[in-house]
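Just input.cif here, mmCIF, C-alpha atoms:
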```
data_work
#
loop_
_atom_site.label_atom_id
_atom_site.label_comp_id
_atom_site.auth_asym_id
_atom_site.auth_seq_id
_atom_site.Cartn_x
_atom_site.Cartn_y
_atom_site.Cartn_z
CA MET A 1 -31.44 21.51 4.47
CA GLY A 2 -30.86 22.23 0.80
CA LYS A 3 -27.27 21.15 1.12
CA LEU A 4 -28.33 17.88 2.73
CA VAL A 5 -30.74 17.22 -0.13
CA LEU A 6 -27.88 17.88 -2.54
CA VAL A 7 -25.61 15.38 -0.84
CA GLY A 8 -28.42 12.82 -0.74
CA ILE A 9 -28.99 13.16 -4.48
CA LEU A 10 -25.27 12.96 -5.15
CA CYS A 11 -24.97 9.86 -3.00
CA PHE A 12 -27.82 8.18 -4.90
CA PHE A 13 -26.58 8.90 -8.40
CA THR A 14 -22.87 8.50 -7.82
CA PHE A 15 -22.76 5.62 -5.37
CA SER A 16 -22.48 2.87 -7.96
CA ILE A 17 -19.67 4.69 -9.80
CA ILE A 18 -17.69 5.50 -6.67
CA ALA A 19 -18.23 2.06 -5.18
CA GLU A 20 -16.96 0.43 -8.36
CA ASN A 21 -13.78 2.50 -8.21
CA ILE A 22 -12.99 1.98 -4.56
CA LEU A 23 -14.47 -1.38 -3.58
CA SER A 24 -12.79 -3.27 -6.39
CA THR A 25 -9.08 -3.14 -7.09
CA ASP A 26 -9.36 -5.17 -10.29
CA PRO A 27 -8.18 -3.03 -13.21
CA PRO A 28 -10.21 -2.29 -16.35
CA GLN A 29 -9.93 -4.84 -19.15
CA ILE A 30 -7.63 -2.65 -21.26
CA ILE A 31 -5.12 -2.55 -18.40
CA ALA A 32 -5.52 -6.22 -17.53
CA SER A 33 -4.81 -7.18 -21.15
CA LYS A 34 -1.72 -4.97 -21.36
CA PHE A 35 -0.47 -6.36 -18.06
CA LYS A 36 -0.92 -9.96 -19.21
CA ASN A 37 0.98 -9.26 -22.44
CA LEU A 38 3.88 -7.61 -20.60
CA TYR A 39 4.06 -10.01 -17.65
CA PRO A 40 2.63 -13.43 -18.68
CA ASN A 41 4.44 -15.21 -15.84
CA ALA A 42 3.43 -12.82 -13.05
CA SER A 43 2.29 -14.28 -9.74
CA ALA A 44 1.12 -12.97 -6.35
CA ILE A 45 -0.49 -10.01 -8.13
CA GLN A 46 -1.94 -7.22 -6.00
CA TRP A 47 -3.65 -4.19 -7.57
CA GLU A 48 -4.02 -0.80 -5.95
CA ILE A 49 -5.58 2.41 -7.23
CA GLU A 50 -3.02 5.24 -7.16
CA LYS A 51 -4.93 8.44 -7.91
CA GLU A 52 -6.51 7.80 -11.31
CA ASN A 53 -3.86 5.20 -12.18
CA PHE A 54 -3.53 1.48 -11.39
CA GLU A 55 -0.46 0.00 -9.68
CA ALA A 56 0.33 -3.70 -9.70
CA GLU A 57 2.71 -5.31 -7.20
CA PHE A 58 3.74 -8.83 -8.21
CA THR A 59 6.61 -11.24 -8.66
CA VAL A 60 8.21 -12.88 -11.68
CA ALA A 61 10.63 -15.75 -11.02
CA GLY A 62 10.78 -14.67 -7.37
CA LYS A 63 11.71 -11.06 -8.16
CA GLU A 64 9.49 -8.19 -6.99
CA ILE A 65 8.09 -5.78 -9.58
CA GLU A 66 5.83 -2.72 -9.35
CA ALA A 67 4.18 -1.44 -12.52
CA LEU A 68 2.02 1.68 -12.85
CA PHE A 69 -0.55 1.95 -15.65
CA SER A 70 -2.62 4.89 -16.86
CA PRO A 71 -6.41 4.49 -17.28
CA SER A 72 -5.81 4.03 -21.03
CA GLY A 73 -3.46 1.10 -20.42
CA GLU A 74 -0.15 2.92 -20.95
CA LEU A 75 2.74 1.66 -18.83
CA ILE A 76 3.84 4.77 -16.91
CA SER A 77 6.62 3.28 -14.80
CA GLU A 78 8.19 0.00 -13.74
CA ASP A 79 10.30 -0.67 -10.65
CA LYS A 80 11.93 -4.10 -10.85
CA GLU A 81 14.26 -6.00 -8.57
CA ILE A 82 17.25 -7.25 -10.59
CA VAL A 83 20.51 -9.09 -9.98
CA VAL A 84 23.88 -7.37 -10.24
CA GLU A 85 24.65 -9.15 -13.51
CA GLU A 86 21.71 -7.33 -15.13
CA LEU A 87 23.14 -3.87 -14.44
CA PRO A 88 24.34 -2.08 -17.61
CA GLY A 89 28.07 -1.74 -18.17
CA LYS A 90 28.07 2.05 -17.74
CA VAL A 91 26.28 1.75 -14.40
CA MET A 92 28.75 -0.85 -13.15
CA SER A 93 31.70 1.24 -14.32
CA THR A 94 30.49 4.20 -12.27
CA TYR A 95 29.89 2.00 -9.26
CA LYS A 96 33.33 0.34 -9.42
CA LYS A 97 35.10 3.65 -10.00
CA ASN A 98 33.52 5.44 -7.04
CA TYR A 99 32.30 2.78 -4.59
CA SER A 100 34.51 -0.28 -4.96
CA ALA A 101 34.72 -0.57 -1.15
CA PHE A 102 30.97 -1.24 -1.03
CA LYS A 103 29.19 -4.51 -1.77
CA ILE A 104 25.89 -4.32 -3.64
CA THR A 105 23.17 -6.02 -1.60
CA GLN A 106 20.14 -5.05 -3.72
CA ALA A 107 19.58 -3.58 -7.17
CA TYR A 108 16.52 -2.21 -8.96
CA SER A 109 15.75 -0.89 -12.42
CA LEU A 110 13.49 2.18 -12.37
CA LYS A 111 11.91 2.88 -15.74
CA SER A 112 9.44 5.64 -16.57
CA THR A 113 8.23 7.44 -19.66
CA GLU A 114 10.86 10.12 -18.97
CA SER A 115 13.97 8.25 -17.83
CA VAL A 116 15.71 4.99 -16.93
CA GLN A 117 17.60 4.80 -13.65
CA TYR A 118 19.10 2.09 -11.49
CA LYS A 119 18.97 2.05 -7.71
CA LEU A 120 21.81 0.30 -5.91
CA ILE A 121 21.81 -0.49 -2.20
CA ALA A 122 25.35 -1.21 -1.07
CA ALA A 123 27.18 -1.58 2.23
CA SER A 124 30.68 -1.35 3.65
CA SER A 125 31.90 -2.13 7.15
CA HIS A 126 30.78 1.28 8.44
CA GLU A 127 28.24 2.68 5.97
CA ARG A 128 25.24 1.79 3.85
CA ILE A 129 24.47 3.78 0.71
CA HIS A 130 21.62 4.15 -1.75
CA LEU A 131 22.70 5.21 -5.25
CA TRP A 132 20.60 6.31 -8.20
CA ILE A 133 22.53 6.04 -11.49
CA ASP A 134 21.00 6.72 -14.90
CA ASP A 135 21.58 4.55 -17.97
CA SER A 136 24.41 6.81 -19.14
CA GLY A 137 26.36 6.10 -15.94
CA SER A 138 25.76 9.48 -14.28
CA ILE A 139 25.03 9.55 -10.56
CA VAL A 140 21.62 11.18 -10.10
CA SER A 141 21.41 11.01 -6.32
CA LYS A 142 22.98 9.40 -3.27
CA LYS A 143 21.99 8.74 0.33
CA THR A 144 24.36 7.65 3.08
CA PHE A 145 23.37 5.76 6.22
CA THR A 146 25.86 5.40 9.05
CA ALA A 147 26.49 2.35 11.20
CA GLU A 148 24.49 4.05 13.95
CA LYS A 149 21.46 4.13 11.65
CA LYS A 150 21.86 0.47 10.79
CA LYS A 151 21.89 -0.42 14.48
CA MET A 152 18.79 1.67 15.01
CA LEU A 153 16.97 -0.17 12.24
CA LYS A 154 17.73 -3.57 13.74
CA GLY A 155 16.61 -2.40 17.17
CA SER A 156 13.21 -1.26 15.94
CA THR A 157 10.63 -3.84 16.95
CA SER A 158 7.56 -1.67 17.50
CA GLY A 159 4.32 -2.88 15.92
CA GLY A 160 3.04 0.68 15.82
CA LEU A 161 0.54 2.85 17.65
CA SER A 162 -2.70 0.99 18.36
CA SER A 163 -3.97 2.71 21.53
CA ILE A 164 -6.79 5.11 20.58
CA LEU A 165 -9.54 7.04 22.36
CA ALA A 166 -12.35 6.66 19.81
CA LYS A 167 -13.07 5.59 16.25
CA TRP A 168 -15.79 6.59 13.80
CA GLU A 169 -16.69 4.48 10.77
CA LEU A 170 -17.64 6.81 7.93
CA PRO A 171 -20.38 6.45 5.30
CA THR A 172 -19.53 4.93 1.92
CA ILE A 173 -19.35 8.28 0.14
CA LEU A 174 -16.31 9.09 2.30
CA LYS A 175 -14.55 5.77 1.70
CA GLU A 176 -11.77 7.62 -0.14
CA ILE A 177 -11.45 10.34 2.49
CA SER A 178 -8.28 12.26 1.77
CA GLY A 179 -8.18 15.14 4.24
CA ILE A 180 -9.84 16.57 7.35
CA ALA A 181 -10.01 19.88 9.24
CA MET A 182 -11.75 20.59 12.54
CA ILE A 183 -14.59 23.13 12.47
CA ASP A 184 -15.28 22.78 16.20
CA GLN A 185 -15.18 20.05 18.85
CA ASN A 186 -17.88 18.00 17.13
CA ARG A 187 -17.78 18.82 13.43
CA VAL A 188 -15.12 17.77 10.95
CA ALA A 189 -14.79 19.11 7.40
CA CYS A 190 -13.87 16.23 5.10
CA VAL A 191 -12.82 15.99 1.47
CA GLN A 192 -12.50 12.85 -0.62
CA ASP A 193 -10.50 12.40 -3.80
CA GLU A 194 -13.36 11.90 -6.23
CA MET A 195 -15.84 14.77 -5.76
CA GLY A 196 -15.67 18.56 -5.52
CA ILE A 197 -17.65 18.61 -2.29
CA VAL A 198 -16.76 19.36 1.33
CA PHE A 199 -18.66 17.02 3.65
CA ILE A 200 -19.36 18.11 7.24
CA TYR A 201 -19.33 15.11 9.57
CA ASP A 202 -20.73 15.35 13.11
CA LEU A 203 -18.77 13.21 15.56
CA ASN A 204 -21.61 13.14 18.12
CA LYS A 205 -24.38 12.31 15.66
CA LYS A 206 -22.09 10.07 13.58
CA VAL A 207 -23.56 11.31 10.31
CA ILE A 208 -22.88 13.83 7.54
CA VAL A 209 -24.88 16.92 8.55
CA ASP A 210 -24.01 19.29 5.70
CA SER A 211 -22.11 19.61 2.44
CA ILE A 212 -20.64 22.39 0.32
CA GLY A 213 -20.13 21.95 -3.40
CA PHE A 214 -17.15 23.85 -4.77
CA GLY A 215 -16.05 22.27 -8.05
CA SER A 216 -16.18 19.51 -10.61
CA PRO A 217 -14.97 15.94 -9.87
CA GLY A 218 -11.22 15.77 -9.33
CA ASP A 219 -8.39 14.34 -7.27
CA TYR A 220 -8.79 16.44 -4.10
CA GLU A 221 -6.22 15.61 -1.45
CA GLY A 222 -6.12 18.19 1.35
CA ILE A 223 -8.35 20.59 3.27
CA ALA A 224 -7.71 23.46 5.69
CA ILE A 225 -9.83 26.03 7.52
CA ALA A 226 -8.57 29.58 8.06
CA GLY A 227 -11.14 31.74 9.83
CA ASN A 228 -14.32 31.78 7.76
CA ASP A 229 -12.66 30.27 4.70
CA ILE A 230 -12.14 26.66 3.64
CA TYR A 231 -9.29 25.75 1.31
CA VAL A 232 -9.15 22.52 -0.71
CA LEU A 233 -6.04 21.24 -2.51
CA ARG A 234 -6.18 19.26 -5.73
CA SER A 235 -3.28 16.95 -6.55
CA ASP A 236 -2.22 18.98 -9.60
CA GLY A 237 -1.69 22.11 -7.48
CA GLN A 238 -5.06 23.83 -7.81
CA LEU A 239 -6.06 25.47 -4.53
CA THR A 240 -9.76 26.30 -4.14
CA CYS A 241 -10.88 28.89 -1.59
CA ILE A 242 -14.46 28.72 -0.32
CA GLU A 243 -14.79 32.17 1.22
CA ASN A 244 -17.33 32.70 3.99
CA TYR A 245 -18.25 29.01 3.73
CA SER A 246 -20.95 29.00 6.43
CA LYS A 247 -23.08 31.79 4.93
CA LEU A 248 -22.78 32.90 1.30
CA PRO A 249 -19.83 30.98 -0.12
CA LYS A 250 -17.70 32.52 -2.87
CA ILE A 251 -15.34 30.29 -4.86
CA SER A 252 -11.85 31.32 -6.00
CA ASN A 253 -9.12 29.16 -7.53
CA TYR A 254 -5.33 29.53 -7.41
CA MET A 255 -2.65 27.40 -9.06
CA LEU A 256 0.74 26.30 -7.72
CA ARG A 257 3.15 25.35 -10.48
CA LEU A 258 6.62 24.01 -9.80
CA SER A 259 9.41 23.54 -12.31
CA GLN A 260 9.07 19.77 -12.70
CA SER A 261 6.68 18.47 -15.34
CA SER A 262 4.74 16.17 -13.01
CA GLN A 263 3.12 17.50 -9.84
CA ASN A 264 1.45 15.48 -7.10
CA PHE A 265 0.41 17.44 -4.02
CA GLU A 266 -1.05 15.68 -0.99
CA GLY A 267 -1.03 17.58 2.30
CA LEU A 268 -2.60 20.94 3.20
CA CYS A 269 -2.91 22.71 6.56
CA PHE A 270 -3.32 26.15 8.14
CA ASP A 271 -0.30 27.67 9.89
CA ALA A 272 -2.05 30.19 12.15
CA LYS A 273 1.07 31.83 13.60
CA LEU A 274 2.39 32.82 10.16
CA ASN A 275 -1.05 33.16 8.50
CA ARG A 276 -0.26 30.81 5.66
CA LEU A 277 -1.13 27.42 4.29
CA LEU A 278 1.49 24.68 4.11
CA ILE A 279 1.49 22.33 1.13
CA ALA A 280 3.29 18.99 1.06
CA PRO A 281 4.04 17.27 -2.29
CA ARG A 282 3.86 13.49 -2.34
CA VAL A 283 6.72 13.03 -4.81
CA PHE A 284 10.18 14.52 -5.16
CA ASP A 285 10.14 18.01 -6.66
CA SER A 286 13.79 17.96 -7.75
CA ALA A 287 16.52 15.52 -8.73
CA ASP A 288 17.80 15.60 -5.15
CA ARG A 289 16.57 12.37 -3.54
CA ASN A 290 17.77 13.51 -0.12
CA VAL A 291 15.10 16.18 0.35
CA LYS A 292 11.32 16.41 0.52
CA ASN A 293 10.11 20.01 0.46
CA VAL A 294 7.09 21.86 1.84
CA TYR A 295 5.65 24.98 0.18
CA ALA A 296 3.46 27.85 1.38
CA PHE A 297 0.48 29.88 0.19
CA GLU A 298 0.54 33.31 1.84
CA LEU A 299 -2.98 34.26 2.89
CA ASP A 300 -2.31 38.01 3.06
CA SER A 301 -1.13 38.24 -0.54
CA LYS A 302 -2.98 35.15 -1.85
CA LYS A 303 0.24 34.06 -3.54
CA PHE A 304 2.29 30.88 -3.61
CA SER A 305 5.96 30.77 -2.79
CA THR A 306 7.68 28.61 -5.41
CA SER A 307 10.68 28.26 -3.11
CA PRO A 308 10.23 25.72 -0.30
CA VAL A 309 9.65 27.05 3.20
CA LEU A 310 10.71 23.74 4.76
CA SER A 311 13.13 21.09 3.54
CA LEU A 312 13.14 17.70 5.23
CA LYS A 313 16.45 15.86 4.96
CA MET A 314 15.69 12.24 4.22
CA ASN A 315 19.13 10.93 5.16
CA ASP A 316 18.55 11.83 8.81
CA VAL A 317 19.24 9.04 11.31
CA ILE A 318 15.58 8.96 12.33
CA TYR A 319 14.40 7.49 9.03
CA ASN A 320 16.38 4.32 9.42
CA SER A 321 13.61 2.88 11.56
CA ILE A 322 11.49 2.90 8.38
CA VAL A 323 11.73 -0.14 6.12
CA SER A 324 10.42 0.77 2.68
CA LYS A 325 10.78 -0.43 -0.91
CA LYS A 326 10.26 3.18 -2.01
CA GLU A 327 11.09 6.49 -0.37
CA VAL A 328 11.24 6.56 3.42
CA LEU A 329 8.93 9.61 3.43
CA ILE A 330 5.87 9.87 1.19
CA PRO A 331 3.68 12.61 2.72
CA SER A 332 -0.09 12.10 2.70
CA GLY A 333 -1.15 14.75 5.22
CA ILE A 334 0.32 17.68 7.15
CA MET A 335 -0.52 19.65 10.31
CA VAL A 336 1.11 22.45 12.31
CA HIS A 337 0.80 22.33 16.09
CA PRO A 338 -0.89 25.63 17.05
CA THR A 339 1.25 26.30 20.14
CA ASN A 340 4.72 24.81 19.66
CA GLY A 341 4.86 25.07 15.86
CA GLN A 342 5.89 21.44 15.37
CA ILE A 343 5.12 19.88 11.99
CA TYR A 344 3.22 16.59 11.74
CA LEU A 345 3.40 14.64 8.48
CA THR A 346 1.45 11.44 7.90
CA ASP A 347 2.83 8.80 5.56
CA ALA A 348 0.02 6.50 4.41
CA ARG A 349 2.26 4.12 2.49
CA ASN A 350 4.93 3.58 5.15
CA LYS A 351 2.41 3.89 8.00
CA TYR A 352 3.83 6.43 10.39
CA VAL A 353 3.60 10.02 11.58
CA LEU A 354 6.73 12.15 11.38
CA ILE A 355 7.10 14.90 13.96
CA ALA A 356 9.52 17.68 12.99
CA ASP A 357 10.40 21.02 14.51
CA GLN A 358 9.27 24.30 12.95
CA HIS A 359 12.38 24.28 10.74
CA GLY A 360 11.72 20.78 9.39
CA LYS A 361 14.30 18.91 11.49
CA PRO A 362 12.90 15.45 12.35
CA ILE A 363 12.23 14.86 16.03
CA LYS A 364 10.35 11.58 16.18
CA VAL A 365 8.71 8.88 14.10
CA VAL A 366 5.50 7.34 15.46
CA ARG A 367 4.72 4.11 13.66
CA LEU A 368 1.05 3.24 13.10
CA ASP A 369 -0.56 -0.16 13.53
CA ALA A 370 -1.95 -1.14 10.13
CA THR A 371 -4.94 -2.88 11.71
CA VAL A 372 -6.11 0.46 13.15
CA PHE A 373 -4.71 2.92 10.61
CA ALA A 374 -5.36 1.34 7.22
CA LYS A 375 -4.26 4.28 5.07
CA THR A 376 -3.81 7.53 6.99
CA GLU A 377 -4.49 10.44 4.64
CA GLY A 378 -5.33 13.30 7.02
CA ILE A 379 -4.46 14.71 10.45
CA ALA A 380 -6.04 17.47 12.54
CA MET A 381 -6.25 18.73 16.14
CA ASP A 382 -9.18 20.01 18.20
CA MET A 383 -9.23 22.83 20.77
CA ASP A 384 -8.34 20.39 23.56
CA GLY A 385 -5.19 19.23 21.79
CA MET A 386 -6.60 15.85 20.76
CA PHE A 387 -5.42 14.43 17.45
CA TYR A 388 -7.71 13.08 14.74
CA LEU A 389 -6.39 10.89 11.93
CA SER A 390 -8.51 10.03 8.90
CA ASN A 391 -8.03 6.70 7.16
CA GLU A 392 -9.14 5.75 3.68
CA GLY A 393 -11.11 2.52 3.53
CA LYS A 394 -9.08 -0.37 2.14
CA THR A 395 -10.93 -3.57 3.00
CA GLY A 396 -13.56 -1.88 5.18
CA PRO A 397 -15.10 1.54 5.80
CA ALA A 398 -13.04 4.71 6.08
CA THR A 399 -12.46 5.91 9.63
CA ILE A 400 -11.61 8.89 11.77
CA VAL A 401 -9.54 7.92 14.81
CA LYS A 402 -9.06 10.05 17.93
CA VAL A 403 -5.63 9.83 19.57
CA SER A 404 -4.38 11.26 22.85
CA PRO A 405 -1.65 13.92 22.46
CA ASP A 406 0.77 11.93 24.62
CA LYS A 407 0.83 9.27 21.89
CA LEU A 408 2.02 11.76 19.27
CA ASN A 409 4.51 13.79 21.28
#
```
Let me see the structure of the file written as structure tokens.
Amino acid sequence: MGKLVLVGILCFFTFSIIAENILSTDPPQIIASKFKNLYPNASAIQWEIEKENFEAEFTVAGKEIEALFSPSGELISEDKEIVVEELPGKVMSTYKKNYSAFKITQAYSLKSTESVQYKLIAASSHERIHLWIDDSGSIVSKKTFTAEKKKMLKGSTSGGLSSILAKWELPTILKEISGIAMIDQNRVACVQDEMGIVFIYDLNKKVIVDSIGFGSPGDYEGIAIAGNDIYVLRSDGQLTCIENYSKLPKISNYMLRLSQSSQNFEGLCFDAKLNRLLIAPRVFDSADRNVKNVYAFELDSKKFSTSPVLSLKMNDVIYNSIVSKKEVLIPSGIMVHPTNGQIYLTDARNKYVLIADQHGKPIKVVRLDATVFAKTEGIAMDMDGMFYLSNEGKTGPATIVKVSPDKLN
């Protein structure tokens, strides 16, 4: 009862702050002013909150641009569609020297506080390539798509999975739900990316029945249950363990640090067979744009492995059914099937679930209908093998959706 009182008080005092952040996508004035100064002729502007930052998607003179701003109004990155004539001489020299048989069909400038790169999409009679070249003319990364992949892309007409078994609309405090884990057949442990609290939602009663405070406000992205312990992942790599969560909780924190300066972790799940947690970064963790890695936290030793335990090859034929302005795989959630060991990765931005084998080899892509799955951030399974996908609220309430296993196999 005390925990319910706590969550009631928190809801009362924090509702207006949280609602302002998640119900309105208009940026603060400092960002709006900076945006207007940089892009006075912008049109078709759409704002989206990306973690604590603000991303604008818009057009200027018919060209698409994405710009990411910090809360203080600093321009963090800009992805802009450009014409071939705007490519620097050094970039064109590299392209002509190595890929003269290919015709450039699209070009983008990718600017950040750390680097300037150019992405070229080019095609020949039998291949399509994506090239990343920096402003000095050095090739940073390359992806190759065969003619078979191109055919597969054209043949993909699916509108996405829309057949579901049940749907729960969640209370406002869970509008930014970012991860779920099943406690039992009726109760779901939920975390949202604003507050250091685990919310226990009862599917039968359709209400929050308990809560567990574990930390200060932060960008919490994933949750997993291993025995009597709950683990919560923060986007910067902090892993919080709530030991013995149902009785006398004890809080411990661990930190995963990779070599790159910027970290952005999204997915967390329990791998029961190997007694470990799997952790999926949202962004690339190396200069290799052909691989998205998955890391592990060993529960026996309570230590992270800084070497990936799974590497997903993003130039696999299966990804060509995904049409994306950004990467074809941007993980938002992860789950391990308890019996066959298959890996399930949700991609909230590109709206699909990737099914891979226990070694990370892609098996299948299940596209999600955007009208049902607004922004899928979490995935879990109950004892009967039913899937549950949590969706952050975009224009309406957040939801948990129940899906039959035959739809995700």
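Nearest residue to A:Ile31, choosing from A:Glu52, A:Asp300, A:Glu74, A:Asp316 and counting all atoms listed in the file: A:Glu74.
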If I wrap all listed atoms of stretch 127-137 of chain A in a box with edges along x, y and z and add 3 Å on each side, what are its centre and edge lengths in Å to one decimal, as JSON?
```
{"center_x": 24.4, "center_y": 4.3, "center_z": -6.6, "size_x": 13.6, "size_y": 11.0, "size_z": 31.1}
```
Given the file shown, enumerate the residues that the PyMOL selection byres ((chain A and resi 184-195) around 8) captures and present them as a compact mmCIF listing (two decimals) with C-alpha atoms, keeping the file's coordinate frame.
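Result file is selection-v3.txt:
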```txt
# COMPACT_ATOMS: atom_id res chain seq x y z
CA ILE A 18 -17.69 5.50 -6.67
CA LYS A 51 -4.93 8.44 -7.91
CA LEU A 174 -16.31 9.09 2.30
CA LYS A 175 -14.55 5.77 1.70
CA GLU A 176 -11.77 7.62 -0.14
CA ILE A 177 -11.45 10.34 2.49
CA SER A 178 -8.28 12.26 1.77
CA GLY A 179 -8.18 15.14 4.24
CA ILE A 180 -9.84 16.57 7.35
CA ALA A 181 -10.01 19.88 9.24
CA MET A 182 -11.75 20.59 12.54
CA ILE A 183 -14.59 23.13 12.47
CA GLY A 196 -15.67 18.56 -5.52
CA ILE A 197 -17.65 18.61 -2.29
CA VAL A 198 -16.76 19.36 1.33
CA PHE A 199 -18.66 17.02 3.65
CA ILE A 200 -19.36 18.11 7.24
CA TYR A 201 -19.33 15.11 9.57
CA ASP A 202 -20.73 15.35 13.11
CA LEU A 203 -18.77 13.21 15.56
CA ASN A 204 -21.61 13.14 18.12
CA GLY A 215 -16.05 22.27 -8.05
CA SER A 216 -16.18 19.51 -10.61
CA PRO A 217 -14.97 15.94 -9.87
CA GLY A 218 -11.22 15.77 -9.33
CA ASP A 219 -8.39 14.34 -7.27
CA TYR A 220 -8.79 16.44 -4.10
CA GLU A 221 -6.22 15.61 -1.45
CA GLY A 222 -6.12 18.19 1.35
CA ILE A 223 -8.35 20.59 3.27
CA VAL A 232 -9.15 22.52 -0.71
CA ASP A 382 -9.18 20.01 18.20
CA MET A 383 -9.23 22.83 20.77
```
Between atom CA of A:Gly89 and atom CA of A:Ile76 - distance in Å to one decimal
25.1 Å
Using the chain letters and residue numbers of this document, give as JSON, numbers by chain the residues selected by the PyMOL selection byres ((chain A and resi 275) around 12).
{"A": [225, 226, 227, 269, 270, 271, 272, 273, 274, 276, 277, 278, 296, 297, 298, 299, 300, 301, 302, 336, 338]}
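Among the candidate residues A:Ile343, A:Ile65, A:Ile322, A:Ile242, the one lying nearest to A:Ala280 is A:Ile343, with distances computed using only C-alpha atoms.
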Which is closer to A:Thr376 than all the others in A:Ala356, A:Ile334, A:Ile49, A:Ala61, using all atoms listed in the file?
A:Ile334
Starting from the shown file, work through the PyMOL selection byres ((chain A and resi 236-241) around 9) and note down what comes out as an mmCIF file with C-alpha atoms, in the frame of the given file.
```
data_model
loop_
_atom_site.group_PDB
_atom_site.id
_atom_site.type_symbol
_atom_site.label_atom_id
_atom_site.label_comp_id
_atom_site.auth_asym_id
_atom_site.auth_seq_id
_atom_site.Cartn_x
_atom_site.Cartn_y
_atom_site.Cartn_z
ATOM 1 C CA PHE A 214 -17.150 23.850 -4.770
ATOM 2 C CA GLY A 215 -16.050 22.270 -8.050
ATOM 3 C CA ASP A 219 -8.390 14.340 -7.270
ATOM 4 C CA TYR A 220 -8.790 16.440 -4.100
ATOM 5 C CA ASP A 229 -12.660 30.270 4.700
ATOM 6 C CA ILE A 230 -12.140 26.660 3.640
ATOM 7 C CA TYR A 231 -9.290 25.750 1.310
ATOM 8 C CA VAL A 232 -9.150 22.520 -0.710
ATOM 9 C CA LEU A 233 -6.040 21.240 -2.510
ATOM 10 C CA ARG A 234 -6.180 19.260 -5.730
ATOM 11 C CA SER A 235 -3.280 16.950 -6.550
ATOM 12 C CA ILE A 242 -14.460 28.720 -0.320
ATOM 13 C CA GLU A 243 -14.790 32.170 1.220
ATOM 14 C CA LYS A 250 -17.700 32.520 -2.870
ATOM 15 C CA ILE A 251 -15.340 30.290 -4.860
ATOM 16 C CA SER A 252 -11.850 31.320 -6.000
ATOM 17 C CA ASN A 253 -9.120 29.160 -7.530
ATOM 18 C CA TYR A 254 -5.330 29.530 -7.410
ATOM 19 C CA MET A 255 -2.650 27.400 -9.060
ATOM 20 C CA LEU A 256 0.740 26.300 -7.720
ATOM 21 C CA ARG A 257 3.150 25.350 -10.480
ATOM 22 C CA LEU A 258 6.620 24.010 -9.800
ATOM 23 C CA SER A 262 4.740 16.170 -13.010
ATOM 24 C CA GLN A 263 3.120 17.500 -9.840
ATOM 25 C CA ASN A 264 1.450 15.480 -7.100
ATOM 26 C CA PHE A 265 0.410 17.440 -4.020
#
```
What does the structure give for the distance between atom CA of A:Lys111 and atom CA of A:Leu354, in Å to one decimal?
29.1 Å
Rounded to one decimal in Å, what is the spacing between atom CA of A:Lys63 and atom CA of A:Glu81?
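Pair atom CA of A:Lys63 / atom CA of A:Glu81 returns 5.7 Å.
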